[in-house]
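S.K.: Quick one: the structure is below, and I'll ask about it shortly.
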4 protein chains.
Amino acid sequence: MARPKSDDRRSAILSAAIRRIAADGPGASTAAIAKEAGVSNGSLFTYFETKADLLNRLYVELKVEMATAALDGLPSGDDLRERAFHLWSRWLRWATSSPDKRRTLAHLDVSGEITPESRHTASQAMASVGELLERIRENGPMRDAPLGLVVALTSALADATIDLMIRDPDNADEHCTAAFDAFWRMLA
Amino acid sequence: MARPKSDDRRSAILSAAIRRIAADGPGASTAAIAKEAGVSNGSLFTYFETKADLLNRLYVELKVEMATAALDGLPSGDDLRERAFHLWSRWLRWATSSPDKRRTLAHLDVSGEITPESRHTASQAMASVGELLERIRENGPMRDAPLGLVVALTSALADATIDLMIRDPDNADEHCTAAFDAFWRMLA
Amino acid sequence: MARPKSDDRRSAILSAAIRRIAADGPGASTAAIAKEAGVSNGSLFTYFETKADLLNRLYVELKVEMATAALDGLPSGDDLRERAFHLWSRWLRWATSSPDKRRTLAHLDVSGEITPESRHTASQAMASVGELLERIRENGPMRDAPLGLVVALTSALADATIDLMIRDPDNADEHCTAAFDAFWRMLA
Amino acid sequence: MARPKSDDRRSAILSAAIRRIAADGPGASTAAIAKEAGVSNGSLFTYFETKADLLNRLYVELKVEMATAALDGLPSGDDLRERAFHLWSRWLRWATSSPDKRRTLAHLDVSGEITPESRHTASQAMASVGELLERIRENGPMRDAPLGLVVALTSALADATIDLMIRDPDNADEHCTAAFDAFWRMLA
DNA sequence: CATGAATGAGGCTTCATTCAT
DNA sequence: CATGAATGAAGCCTCATTCAT
């Protein structure tokens, strides 16, 4: 059975939210989002109880999509470096090709509207990434650093790289590789 | 010549803004800021033409303070690693001990209210940091990466470390050192 | 299809605006107007985008009403004097019996908020009046004066008469006739 | 003894008020007026108790100036038409050459800030004009109309003419004369 | 269940007036 | 007495949310 009509509406709202929030920040008005979704002002509130609710769902949805994109087709072999590079480049590719989603995620992350629950849910989608990271550093120089730091470091590094790739798309691949090397030097 | 514009009042407003924005994001209302500063609603506008103006001044002020704190007492010798570590630890110490300022800076950075002029002004205060970074990587593995990436990487790394230091203050010094080692591995 | 925008509400707002502006000038606050209309503060803005918009609509609406009142039942014969008197007395009667509308119109006229477009639209409603005036003076002593002057003169004269009729309502008809005679002497 | 310094300040404020009100209407801020006068914000209030006070003084001052200009050099002979024309043309000349003052007067007249006292005081300056008007109409067709109407009519007529003269300055003299003829036809 | 008008709290900013210097 | 900062009441407008249709 195909998706019921209402799911389309829900997604339309989420997509619209991505575009509006990327452009205007988390202050984007529900009215503007509804309009961009081609949906009525009030309809938004039958799909999301509250603006905060919409923001949180969107946050989780985007994080999951990001994780999925990164993990998609991950080789299962033993070569840690190869697996890590696969993940790394998928991740950066997703982010680079979905700048609105990335911007929105960044906005949401600091908006103060995202609940701990949402953060927790989102982090679960990244679990496998965590495990991989874990194995990478376990014999490297950061073997004693808390995993949290490693994760944060990695994602910060990725973030900086993405920015550069977007600003200088002609050398995107080089930047991607160079940054991965830096990452590997740091950890492994 | 009438009551002069008081520096105290101006600072009171800026401090209040730091506190409110750290807590509520850049959406913190001018009224709330004024109240927290112990100043009348309208008075805020004799010190800052506009809310956006206030935000921009605050941004520059904080960046400059951050740079100053990092650069303070920088040894002038030839030992690059020593100088880098000095700067690194000063920076992290400042950020760790001024969590509100750091949060506010982070909020402002993505708020969409900061003009290119403000960013430019702020970046000038960090000029010496840039130079040091330049010299560090010039013989290292990232010698061919654009300086922009190196800067972004470094500050991302610092950021992640700061978060950790705040969350786990008992081991702050260890985290600081460990992260610096990672940084050095990456660059030098 | 949801609650339709109600004409009643719109008119209520316009009527309220007439009353408030007649009393307080164009500075009458939107809040006061909304309250007098028995409508919420924000509702006013679903009917009029902006205060200036409200003022302009009101202006046009009133001018049109005035023209309609003046032109209503205008005899179509050849007797210029008869037709002119008909128009004259209808006009003055409307103005005299709608003092608030007239005051409001006067306020708006000098408020600096009325756009050239609104003035143009309004003037079209008065087109037939212009034509009549044109024919009246074409063989009279002011045949060489610009039409603009004639119009201005006429409306100034009417204005002065209306004031008098309002101040001395017992002799309103006499004043109306006497002024018309003066008008006729001047033009025809 | 020359005028004390403070009189200069007072006049500076009044002149500034004329300019600002002509441009911005009676809503011109006291701060803007003070600034234009080259005087401090607060100083304005040592010369005028209140904004309304300033407006009223200005009103009276301007009306008196207008009357003075009109009456200046009035021939004392018996030729009513000559005297009337003298007055008429002086009046129109003053108004035409002081457009700011005229605009300001018009704004003040409808501003709702002018007290009956001010109006009364102002009208006294025009007393002689009234008397002349009185004698003009006393044997003419409007001999039975109330003086108030005649005055209003006359000033309305003048007003319309002034507008035209300003819009079409090349033919100002012609318009002035033509309008006087209309005036005379109406009254005498 | 969709729609969009209704609501009213709250946001930013202006301004007349007061008062410390 | 001049100055201009301080004050806080409004003013216009936006927005999340509710509710009649």
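The way I read the labels, and the way they are meant: chains A, B, ... in the order of the structure tokens, residue 1 as the first residue of every chain, and ligand 1 as the first ligand shown, with later ones counted on from there.
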How close does chain E get to chain C? List, as JSON lines, each residue of chain E within 8 Å, its nearest atom pair and the distance in Å to one decimal, counting only C-alpha atoms (C1' of nucleotides).
M.R.:
```
{"residue": "E:DA2", "atom": "C1'", "partner": "C:Met1", "partner_atom": "CA", "distance": 7.7}
{"residue": "E:DT3", "atom": "C1'", "partner": "C:Ala2", "partner_atom": "CA", "distance": 4.6}
{"residue": "E:DG4", "atom": "C1'", "partner": "C:Ala2", "partner_atom": "CA", "distance": 5.7}
{"residue": "E:DA5", "atom": "C1'", "partner": "C:Arg3", "partner_atom": "CA", "distance": 5.9}
{"residue": "E:DA6", "atom": "C1'", "partner": "C:Ser43", "partner_atom": "CA", "distance": 6.3}
{"residue": "E:DT7", "atom": "C1'", "partner": "C:Ser40", "partner_atom": "CA", "distance": 6.3}
{"residue": "E:DG8", "atom": "C1'", "partner": "C:Asn41", "partner_atom": "CA", "distance": 7.1}
```
S.K.: Could you write those residues out with N, CA and C atoms (P, O5', C5', C4', C3', O3' and C1' of nucleotides), as a JSON list (two decimals), in the first residue's frame?
M.R.:
```json
[["chain", "number", "residue", "atom", "x", "y", "z"],
["E", 2, "DA", "P", -5.36, 17.45, 6.96],
["E", 2, "DA", "O5'", -6.14, 18.62, 6.21],
["E", 2, "DA", "C5'", -6.59, 18.40, 4.89],
["E", 2, "DA", "C4'", -7.08, 19.71, 4.33],
["E", 2, "DA", "C3'", -6.06, 20.84, 4.42],
["E", 2, "DA", "O3'", -6.19, 21.61, 3.25],
["E", 2, "DA", "C1'", -8.00, 21.40, 5.69],
["E", 3, "DT", "P", -5.25, 22.79, 2.97],
["E", 3, "DT", "O5'", -6.10, 23.98, 3.56],
["E", 3, "DT", "C5'", -7.33, 24.34, 2.93],
["E", 3, "DT", "C4'", -7.95, 25.47, 3.69],
["E", 3, "DT", "C3'", -7.01, 26.66, 3.92],
["E", 3, "DT", "O3'", -7.48, 27.73, 3.13],
["E", 3, "DT", "C1'", -8.30, 26.15, 5.85],
["E", 4, "DG", "P", -6.47, 28.82, 2.52],
["E", 4, "DG", "O5'", -6.71, 29.94, 3.62],
["E", 4, "DG", "C5'", -8.04, 30.43, 3.80],
["E", 4, "DG", "C4'", -8.12, 31.18, 5.12],
["E", 4, "DG", "C3'", -6.97, 32.17, 5.36],
["E", 4, "DG", "O3'", -7.48, 33.24, 6.14],
["E", 4, "DG", "C1'", -7.03, 30.70, 7.10],
["E", 5, "DA", "P", -7.70, 34.62, 5.52],
["E", 5, "DA", "O5'", -8.58, 35.29, 6.67],
["E", 5, "DA", "C5'", -9.92, 34.87, 6.79],
["E", 5, "DA", "C4'", -10.35, 34.88, 8.25],
["E", 5, "DA", "C3'", -10.00, 36.16, 9.00],
["E", 5, "DA", "O3'", -11.07, 36.38, 9.89],
["E", 5, "DA", "C1'", -8.98, 34.33, 10.07],
["E", 6, "DA", "P", -10.98, 37.60, 10.89],
["E", 6, "DA", "O5'", -10.46, 36.89, 12.22],
["E", 6, "DA", "C5'", -11.37, 36.08, 12.96],
["E", 6, "DA", "C4'", -10.83, 35.90, 14.36],
["E", 6, "DA", "C3'", -10.39, 37.21, 15.02],
["E", 6, "DA", "O3'", -10.99, 37.25, 16.31],
["E", 6, "DA", "C1'", -8.61, 35.62, 15.03],
["E", 7, "DT", "P", -10.68, 38.45, 17.25],
["E", 7, "DT", "O5'", -9.44, 37.93, 18.08],
["E", 7, "DT", "C5'", -9.60, 36.72, 18.82],
["E", 7, "DT", "C4'", -8.30, 36.39, 19.49],
["E", 7, "DT", "C3'", -7.67, 37.58, 20.24],
["E", 7, "DT", "O3'", -7.64, 37.25, 21.61],
["E", 7, "DT", "C1'", -6.06, 36.41, 18.93],
["E", 8, "DG", "P", -7.83, 38.37, 22.71],
["E", 8, "DG", "O5'", -6.33, 38.58, 23.16],
["E", 8, "DG", "C5'", -5.60, 37.45, 23.64],
["E", 8, "DG", "C4'", -4.12, 37.78, 23.64],
["E", 8, "DG", "C3'", -3.78, 39.20, 24.14],
["E", 8, "DG", "O3'", -2.49, 39.14, 24.76],
["E", 8, "DG", "C1'", -2.96, 38.95, 22.01]]
```
S.K.: Would you mind listing what lies within 9 Å of Ala95 in chain D as a VMD selection string, with only C-alpha atoms (C1' of nucleotides) counted and same-chain residues fewer than 6 positions away left out?
M.R.: chain D and resid 66 101 to 102 159 162
S.K.: Of the residues A:Gly25, A:Thr104, A:Glu61, A:Ala31, which is the one nearest to chain B, using only C-alpha atoms?
M.R.: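 Distance minimum relative to chain B lands on A:Gly25.
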S.K.: Up to 7 Å from chain D, what residues of chain F turn up? Count only C-alpha atoms (C1' of nucleotides) and give them as a ChimeraX atom specification.
M.R.: /F:2-4
S.K.: Dump N, CA, C and O atoms (P, O5', C5', C4', C3', O3' and C1' of nucleotides) for the selected residues as a short mmCIF file (atom, residue, chain, number, x, y, z; two decimals), in the first residue's frame?
M.R.:
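Ended up saving to out21.cif:
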```cif
data_model
loop_
_atom_site.label_atom_id
_atom_site.label_comp_id
_atom_site.auth_asym_id
_atom_site.auth_seq_id
_atom_site.Cartn_x
_atom_site.Cartn_y
_atom_site.Cartn_z
P DA F 2 20.13 78.26 28.01
"O5'" DA F 2 21.32 77.21 27.87
"C5'" DA F 2 22.60 77.69 27.51
"C4'" DA F 2 23.50 76.51 27.24
"C3'" DA F 2 22.94 75.51 26.24
"O3'" DA F 2 24.02 75.03 25.46
"C1'" DA F 2 23.22 74.45 28.34
P DT F 3 23.77 74.04 24.30
"O5'" DT F 3 23.97 72.67 25.04
"C5'" DT F 3 25.25 72.32 25.52
"C4'" DT F 3 25.18 70.98 26.20
"C3'" DT F 3 24.55 69.88 25.34
"O3'" DT F 3 25.57 68.98 24.98
"C1'" DT F 3 23.81 69.80 27.60
P DG F 4 25.52 68.16 23.60
"O5'" DG F 4 24.97 66.79 24.17
"C5'" DG F 4 25.70 66.15 25.20
"C4'" DG F 4 24.81 65.12 25.85
"C3'" DG F 4 24.02 64.23 24.88
"O3'" DG F 4 23.84 62.97 25.50
"C1'" DG F 4 22.55 65.26 26.29
#
```
S.K.: Please provide the set of residues having any atom within 12 Å of range 54-59 of chain C, restricted to only C-alpha atoms (C1' of nucleotides), with same-chain residues fewer than 2 positions apart removed, written as a PyMOL selection string.
M.R.: chain C and resi 10-21+25-30+33-34+44-52+61-66+101-123
S.K.: Please, which residues of chain C lie no more than 8 Å from chain D when the count uses only C-alpha atoms, and can they be set out as a list in words?
M.R.: Asp24, Gly25, His107, Val110, Ser111, Gly112, Met142, Ala145, Gly148, Leu149, Ala152, Leu153, Ala156, Leu157, Ala160, Thr161, Leu164, His175, Ala178, Ala182, Phe183, Arg185, Met186 and Leu187 of chain C
S.K.: Would you list, as a PyMOL selection string, the residues of range 8-127 of chain C that end up in alpha helix (DSSP H) under DSSP run on this structure's backbone?
M.R.: chain C and resi 8-24+30-37+44-47+51-71+80-97+99-109+116-125+127
S.K.: What does the distance between CA of Val129 in chain A and CA of Asp168 in chain B come to in Å, to one decimal place?
M.R.: 23.1 Å
S.K.: Can you measure C1' of DG11 in chain E to C1' of DC15 in chain F for me? One decimal in Å is fine.
M.R.: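 So the answer is 10.2 Å.
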S.K.: Report, in Å with one decimal, the straight-line distance from CA of Ser128 in chain D to CA of Ala67 in chain D.
M.R.: 9.0 Å
